[in-house]
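So the structure is just underneath, and the comments pick up after that.
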Amino acid sequence: MRFTRRTTTALATAAALGTILAGCATGAGSSAPAVRSHDDVTVYTWWAEGVEQQGLNALATAFEEQNPGIEFVDDGITGGGGSAAKEHLQTRLETQDPPDSFLAHAGAELQDYIDGKYIQDLSPLYQELGLTNAFPEDLIERLSTDGKIYSVPSNIHRANVMWVNPAVLQQHGLDPSGEYADLDGFIADLETLKAAGVSAPLSVGTTWAQVHLLETVLLADLGPAAYNGLWSGETDWSGPEVTTALEHYRTLLSYSNPDRDDIDWQPATEKVIAGESAFNVMGDWALTAFESQGKKLGTDFLAVPSPGTSGEFDFLADSFTMSTGILDEESAKAWLKTIGSKEGQVRFNKIKGSIPAREDVDAGQFTPYQQMAIKSFRQDTIVSSLAHGAAVPVSHLDQITAATAAFSRDLDVAAFQSALVAAAAG
């Protein structure tokens with residue numbers, strides 16, 4: 001029988017404070033790893049509603065079917081979204097109260113957990129389960145840190161997707177395919193729409209969604225090699241090609257909604273669904289917003305590569321780790337085995353709308369969008385998402401996010417570029 005041990009953000013914060021105060025009273029270093037049952041696995045996520053919760057439940061069901069002697073314990077948090085959950089998780093890790101496994105974005109976001117020795121190297125498990133052969137080589141490369149792998153992805157999302165309302169384009173005599181080889185052609189059509197009375201042809205959401213848009217602009221203008229170089233240090237943030245990308249980004253914001261700093265991705269997507277905007281750049285989780293309103297892909301809306309990024313797949317992945325200092329590593333490994341299994345990946349992604357990380361899964365059992373994404377993931381050039389933790393550590397992303405928020409207010413390209421240079425320098 002499945003057990004849930006979720007707390008709200010407020011309760012979790014109070015509990016964390018109590019733990020810290022208790023630690024102060026008893027002396028540093030006196031905390032011990034929380035006692036875990038040999039008969040359960042505790043898994044920490046912030047997936048508490050909607051398709052994310054449904055997907056987690058599907059994974060838990062698959063796990064318990066594959067491991068009838070081990071109980072799945074939903075040990076996560078509700079309320080406040082991922083950022084609040086990560087703060088609470090960090091407190092638990094620092095006070096030696098780790099869950100057996102926790103959710104994180106694959107890639108550079110894990111670096112702080114690695115440096116803090118909070119998670120274990122899973123490379124031997126990859127060899128044991130054959131995951132190095134089941135996952136594409138490009139993905140293995142992006143999952144690896146100094147030759148080691150620290151998480152198992154449950155899925156793959158694509159960040160460089162543009163959602164298009166073709167009726168708005170047709171109404172104003174524009175190509176209804178919504179596909180653009182470069183940003184200049186896209187901007188020309190944005191100008192046509194604005195001149196025709198569409199006040200915000202490109203809908204944009206709050207700061208993290210602006211970082212999301214920014215990364216697709218950088219990818220379009222720099223290309224995958226130079227884009228990757230931004231994160232490895234091989235591309236100069238102060239270079240002219242970055243300046244061009246930032247100028248393009250400023251131009252795109254001039255065609256966006258004035259309330260962009262005040263709305264999240266869902267209301268921004270709704271503007272495209274309602275025909276108030278023609279375009280929105282957002283990850284493929286936005287598919288559910290269209291389908292939940294009965295909209296049909298290819299007729300009512302389109303999902304195409306963001307302008308200038310055809311042939312490139314900007315990836316992020318929801319992945320699961322194994323914590324250090326846990327009582328029963330075998331139960332945690334069993335959970336990760338389910339995450340990486342064909343059955344687990346199929347069950348989860350049919351609900352989540354993302355695609356399996358495994359290459360040996362039959363694409364025919366998924367939706368038309370997913371089939372399109374699977375094909376792209378298998379043949380396109382893969383790059384890592386900035387906004388979603390794959391490209392840079394959290395501290396670097398925080399600095400970029402702050403600079404992006406400031407830019408949305410002042411639109412000063414020179415100041416923005418200087419801030420990005422400083423962020424890259426650490």
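Labels for the structure tokens follow display order: chains A, B, ..., residues from 1 in each chain, ligands from 1.
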### Message
Give me, as a PyMOL selection string, all polymer residues having an atom no more than 12 Å from Glu241 in chain A, counting only C-alpha atoms and skipping those fewer than 2 positions away in the same chain.
### Response
chain A and resi 217-223+226-227+230+235-239+243-248+417
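For range 175-217 of chain A, backbone-based DSSP labels the following residues as alpha helix (DSSP H): Leu183, Asp184, Gly185, Phe186, Ile187, Ala188, Asp189, Leu190, Glu191, Thr192, Leu193, Lys194, Ala195, Thr207, Trp208, Ala209, Gln210, Val211, His212, Leu213, Leu214, Glu215, Thr216 and Val217 of chain A.
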Convert the current residue selection to file output with N, CA, C and O atoms, as a compact mmCIF listing (two decimals), in the first residue's frame.
```txt
# COMPACT_ATOMS: atom_id res chain seq x y z
N LEU A 183 16.04 34.68 -37.25
CA LEU A 183 15.31 35.64 -36.43
C LEU A 183 14.87 36.86 -37.24
O LEU A 183 13.83 37.46 -36.95
N ASP A 184 15.63 37.24 -38.25
CA ASP A 184 15.26 38.41 -39.04
C ASP A 184 13.92 38.21 -39.74
O ASP A 184 13.07 39.11 -39.76
N GLY A 185 13.71 37.02 -40.32
CA GLY A 185 12.43 36.73 -40.96
C GLY A 185 11.29 36.71 -39.97
O GLY A 185 10.17 37.18 -40.25
N PHE A 186 11.55 36.18 -38.78
CA PHE A 186 10.55 36.15 -37.73
C PHE A 186 10.18 37.56 -37.29
O PHE A 186 8.99 37.90 -37.17
N ILE A 187 11.18 38.39 -37.08
CA ILE A 187 10.93 39.76 -36.65
C ILE A 187 10.15 40.53 -37.70
O ILE A 187 9.27 41.34 -37.37
N ALA A 188 10.41 40.28 -38.97
CA ALA A 188 9.66 40.96 -40.04
C ALA A 188 8.18 40.63 -39.95
O ALA A 188 7.32 41.53 -40.12
N ASP A 189 7.84 39.38 -39.65
CA ASP A 189 6.43 39.01 -39.53
C ASP A 189 5.82 39.56 -38.24
O ASP A 189 4.63 39.91 -38.20
N LEU A 190 6.62 39.65 -37.18
CA LEU A 190 6.12 40.28 -35.96
C LEU A 190 5.75 41.74 -36.23
O LEU A 190 4.72 42.24 -35.75
N GLU A 191 6.57 42.43 -37.02
CA GLU A 191 6.29 43.82 -37.37
C GLU A 191 5.01 43.93 -38.19
O GLU A 191 4.17 44.82 -37.98
N THR A 192 4.83 43.00 -39.13
CA THR A 192 3.61 43.00 -39.95
C THR A 192 2.38 42.84 -39.06
O THR A 192 1.37 43.53 -39.24
N LEU A 193 2.44 41.92 -38.13
CA LEU A 193 1.30 41.69 -37.23
C LEU A 193 1.03 42.89 -36.35
O LEU A 193 -0.14 43.29 -36.15
N LYS A 194 2.08 43.50 -35.81
CA LYS A 194 1.87 44.65 -34.94
C LYS A 194 1.29 45.82 -35.72
O LYS A 194 0.39 46.53 -35.25
N ALA A 195 1.77 46.02 -36.94
CA ALA A 195 1.25 47.10 -37.78
C ALA A 195 -0.21 46.87 -38.15
O ALA A 195 -0.96 47.84 -38.37
N THR A 207 10.03 36.08 -15.49
CA THR A 207 11.48 36.10 -15.70
C THR A 207 12.04 34.77 -16.19
O THR A 207 12.84 34.72 -17.14
N TRP A 208 11.66 33.64 -15.57
CA TRP A 208 12.25 32.37 -16.00
C TRP A 208 11.86 32.06 -17.44
O TRP A 208 12.66 31.50 -18.20
N ALA A 209 10.63 32.46 -17.83
CA ALA A 209 10.20 32.25 -19.21
C ALA A 209 10.98 33.16 -20.16
O ALA A 209 11.21 32.82 -21.33
N GLN A 210 11.40 34.33 -19.67
CA GLN A 210 12.23 35.23 -20.47
C GLN A 210 13.63 34.63 -20.65
O GLN A 210 14.22 34.74 -21.74
N VAL A 211 14.18 34.01 -19.61
CA VAL A 211 15.46 33.31 -19.75
C VAL A 211 15.32 32.18 -20.77
O VAL A 211 16.21 31.94 -21.59
N HIS A 212 14.18 31.51 -20.73
CA HIS A 212 13.89 30.44 -21.69
C HIS A 212 13.92 30.99 -23.12
O HIS A 212 14.54 30.40 -24.02
N LEU A 213 13.25 32.12 -23.34
CA LEU A 213 13.26 32.74 -24.66
C LEU A 213 14.67 33.17 -25.04
O LEU A 213 15.11 32.96 -26.19
N LEU A 214 15.40 33.75 -24.09
CA LEU A 214 16.76 34.21 -24.35
C LEU A 214 17.65 33.07 -24.84
O LEU A 214 18.43 33.25 -25.79
N GLU A 215 17.55 31.90 -24.23
CA GLU A 215 18.44 30.81 -24.65
C GLU A 215 18.16 30.38 -26.08
O GLU A 215 19.09 30.03 -26.81
N THR A 216 16.90 30.44 -26.50
CA THR A 216 16.59 30.06 -27.89
C THR A 216 17.12 31.10 -28.87
O THR A 216 17.51 30.76 -29.99
N VAL A 217 17.15 32.37 -28.45
CA VAL A 217 17.73 33.43 -29.29
C VAL A 217 19.24 33.24 -29.41
O VAL A 217 19.82 33.36 -30.50
```
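For range 51-53 of chain A, the non-local neighbours within 8 Å, defined as residues at least 4 positions apart in the same chain or in other chains and counting only C-alpha atoms, are A:Trp47, A:Asn57, A:Ile351, A:Lys352.
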Mind writing the picked residues with N, CA and C atoms as a CSV table (one decimal), in the first residue's frame?
```csv
chain,number,residue,atom,x,y,z
A,47,TRP,N,6.1,17.3,-7.5
A,47,TRP,CA,5.0,17.0,-8.4
A,47,TRP,C,3.8,16.6,-7.6
A,57,ASN,N,2.5,9.1,-10.0
A,57,ASN,CA,1.7,8.0,-9.6
A,57,ASN,C,1.9,6.7,-10.5
A,351,ILE,N,1.8,10.1,-20.0
A,351,ILE,CA,1.0,11.0,-19.2
A,351,ILE,C,1.6,12.4,-19.2
A,352,LYS,N,2.9,12.5,-19.1
A,352,LYS,CA,3.6,13.8,-19.0
A,352,LYS,C,3.6,14.6,-20.3
```
#### Entry: Contacts of range 104-109 of chain A at 10 Å (only C-alpha atoms; same-chain gap of 3+ positions) as a PyMOL selection string
chain A and resi 44-45+82+86+101+112-114+139-145+149-154+156+231+315-321+384-386+388-397
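Coordinates place CA of Pro99 in chain A at a distance of 11.0 Å from CA of Asp328 in chain A.
The gap separating CA of Val361 in chain A from CA of Pro307 in chain A is 29.3 Å, in Å to one decimal.
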## Note on the structure
A straight line from CA of Gly311 in chain A to CA of Pro166 in chain A spans 21.7 Å
